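What follows is a short report on a single structure.
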Amino acid sequence: MTLVVADGRPLLRRGLEHICSREPGFEVVAVCARGDAALDALRIRKPDVLILDATLPRRGGLWVLRQMHRERLPTRVVLVANDPRGRHAREAMRLGIGGVLSPGMTPESLLRCVRMVAAGEQWLESQAVVRLVNRRPRGEIALHQLPSGLTPRQSEIVRLATQGIAAREIAARLM
């Protein structure tokens with residue numbers, strides 16, 4: 001599986017590159033610090049997966065996604081967003097990304113996410129669901145407003161949480 005890593009934060013960019021390049025079956029074919037460079041890498045290298053910082057400098061992550069959509073580039077995308085439920089992530093999901101992760105993800109989550117997205121599945125970090133529930137008053141979230149990337153189990157967790165059910169009780173119900 002070929003990957004392009006595009007992140008404006010040097011430490012995170014190097015960390016993503018290191019984690020992915022050490023994984024058997026993964027090949028990082030380009031590492032970019034800016035949105036325009038990421039788009040050029042996609043056009044030239046045609047990777048399977050792009051790991052994309054939502055807030056890239058010089059033509060941000062959303063610009064890259066819009067260009068990919070316009071050009072019908074087939075690369076699947078994992079978005080790294082500080083707020084996996086924020087404006088960037090919501091817009092990116094509308095543009096068809098395969099997964100959303102926060103910068104605080106574990107290396108195991110990253111690798112699992114990349115594999116799922118490469119296989120055509122969707123991934124939404126479980127912490128994004130928790131943030132979604134914690135940001136809104138109880139009962140305010142309509143299930144049709146949830147991102148399409150939620151698994152049935154994640155949707156059920158959100159439904160129970162919006163009913164005011166405590167996390168421990170939800171866990172007990174779902175075991």
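Letters A, B, ... mark the chains of the structure tokens in the order given; residue numbers begin at 1 per chain; ligand numbers begin at 1, in order shown.
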- Query: So which residues touch segment 91-102 of chain A within 6 Å, counting only C-alpha atoms, skipping near sequence neighbours fewer than 3 positions away, as an MDAnalysis selection string?
  - Reply: chainID A and resid 77:82 88 105 117 122:125
- Residues within 10 Å of segment 12-29 of chain A, only C-alpha atoms, excluding chain neighbours under 6 positions, as a PyMOL selection string: chain A and resi 1-6+41-42+45-53+103-104+107-108+110-111+114-115
Those residues with N, CA, C and O atoms, as a compact mmCIF listing (two decimals), in the first residue's frame please?
```txt
# COMPACT_ATOMS: atom_id res chain seq x y z
N MET A 1 0.84 -1.17 0.00
CA MET A 1 0.00 0.00 0.00
C MET A 1 0.90 1.24 0.00
O MET A 1 1.81 1.35 0.81
N THR A 2 0.62 2.15 -0.90
CA THR A 2 1.41 3.38 -0.98
C THR A 2 0.68 4.53 -0.29
O THR A 2 -0.55 4.62 -0.35
N LEU A 3 1.47 5.38 0.37
CA LEU A 3 0.89 6.48 1.13
C LEU A 3 1.63 7.78 0.87
O LEU A 3 2.84 7.77 0.65
N VAL A 4 0.89 8.88 0.98
CA VAL A 4 1.46 10.22 1.04
C VAL A 4 1.07 10.78 2.39
O VAL A 4 -0.10 10.68 2.80
N VAL A 5 2.03 11.36 3.09
CA VAL A 5 1.78 12.01 4.38
C VAL A 5 1.88 13.51 4.14
O VAL A 5 2.90 13.99 3.65
N ALA A 6 0.82 14.24 4.48
CA ALA A 6 0.81 15.69 4.30
C ALA A 6 0.36 16.34 5.61
O ALA A 6 -0.81 16.29 5.97
N ALA A 41 2.01 15.77 -5.25
CA ALA A 41 2.42 14.39 -4.95
C ALA A 41 1.33 13.40 -5.32
O ALA A 41 1.62 12.31 -5.84
N LEU A 42 0.07 13.76 -5.09
CA LEU A 42 -1.04 12.87 -5.45
C LEU A 42 -1.10 12.67 -6.96
O LEU A 42 -1.32 11.55 -7.43
N ARG A 45 2.44 10.65 -7.85
CA ARG A 45 2.69 9.34 -7.22
C ARG A 45 1.48 8.42 -7.21
O ARG A 45 1.63 7.22 -7.06
N LYS A 46 0.27 8.98 -7.30
CA LYS A 46 -0.98 8.20 -7.31
C LYS A 46 -1.03 7.17 -6.17
O LYS A 46 -1.18 5.97 -6.41
N PRO A 47 -0.91 7.63 -4.92
CA PRO A 47 -0.89 6.70 -3.79
C PRO A 47 -2.27 6.10 -3.52
O PRO A 47 -3.30 6.62 -3.98
N ASP A 48 -2.27 5.04 -2.74
CA ASP A 48 -3.53 4.43 -2.32
C ASP A 48 -4.22 5.29 -1.27
O ASP A 48 -5.45 5.42 -1.28
N VAL A 49 -3.43 5.84 -0.33
CA VAL A 49 -3.99 6.59 0.80
C VAL A 49 -3.19 7.88 1.02
O VAL A 49 -1.96 7.86 0.95
N LEU A 50 -3.92 8.94 1.33
CA LEU A 50 -3.33 10.21 1.73
C LEU A 50 -3.68 10.43 3.20
O LEU A 50 -4.86 10.38 3.57
N ILE A 51 -2.67 10.66 4.03
CA ILE A 51 -2.90 11.07 5.42
C ILE A 51 -2.74 12.58 5.41
O ILE A 51 -1.66 13.10 5.15
N LEU A 52 -3.83 13.31 5.67
CA LEU A 52 -3.92 14.74 5.41
C LEU A 52 -4.24 15.55 6.65
O LEU A 52 -5.25 15.31 7.31
N ASP A 53 -3.39 16.52 6.93
CA ASP A 53 -3.63 17.49 8.00
C ASP A 53 -4.72 18.44 7.53
O ASP A 53 -4.64 19.01 6.45
N PRO A 103 -4.82 14.31 16.36
CA PRO A 103 -3.37 14.19 16.50
C PRO A 103 -2.95 13.34 17.70
O PRO A 103 -1.83 12.86 17.75
N GLY A 104 -3.85 13.12 18.65
CA GLY A 104 -3.54 12.31 19.82
C GLY A 104 -3.78 10.83 19.63
O GLY A 104 -3.74 10.06 20.60
N PRO A 107 -0.50 4.96 17.59
CA PRO A 107 0.01 4.40 16.33
C PRO A 107 -0.85 3.22 15.84
O PRO A 107 -1.08 3.09 14.64
N GLU A 108 -1.34 2.41 16.76
CA GLU A 108 -2.18 1.28 16.38
C GLU A 108 -3.47 1.76 15.72
O GLU A 108 -3.93 1.17 14.73
N LEU A 110 -3.91 4.60 14.10
CA LEU A 110 -3.54 5.12 12.79
C LEU A 110 -3.43 3.98 11.77
O LEU A 110 -4.03 4.05 10.69
N LEU A 111 -2.69 2.95 12.11
CA LEU A 111 -2.48 1.84 11.17
C LEU A 111 -3.78 1.11 10.86
O LEU A 111 -4.04 0.76 9.70
N VAL A 114 -5.82 3.40 8.52
CA VAL A 114 -5.29 3.42 7.15
C VAL A 114 -5.67 2.13 6.42
O VAL A 114 -6.10 2.17 5.26
N ARG A 115 -5.55 1.01 7.10
CA ARG A 115 -5.92 -0.27 6.46
C ARG A 115 -7.40 -0.30 6.09
O ARG A 115 -7.77 -0.73 5.00
```
- So which one's closest to Leu56 of chain A, A:Val158, A:Ala38, A:Ile170, A:Leu11? Using only C-alpha atoms, please. A:Ala38
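Of note, atom CA of Gly60 of chain A and atom CA of Gly35 of chain A are spaced 5.2 Å apart.
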- Task: Can you list, as an MDAnalysis selection string, all residues belonging to segment 34-89 of chain A that DSSP tags as helix (DSSP H, G or I)?
- Result: chainID A and resid 35:45 61:71 87:89
- Task: Could you jot down the atom CA of Ala119 of chain A to atom CA of Pro152 of chain A separation for me, Å, one decimal place?
- Result: 18.1 Å
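Coordinates place atom CA of Ala54 of chain A at a distance of 17.4 Å from atom CA of Ala30 of chain A.
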- Message: Quick one: residues within 10 Å of Gln67 of chain A, only C-alpha atoms, excluding same-chain residues fewer than 6 positions away - as a list of chain:residue names?
- Response: A:Leu39, A:Gly61, A:Leu73
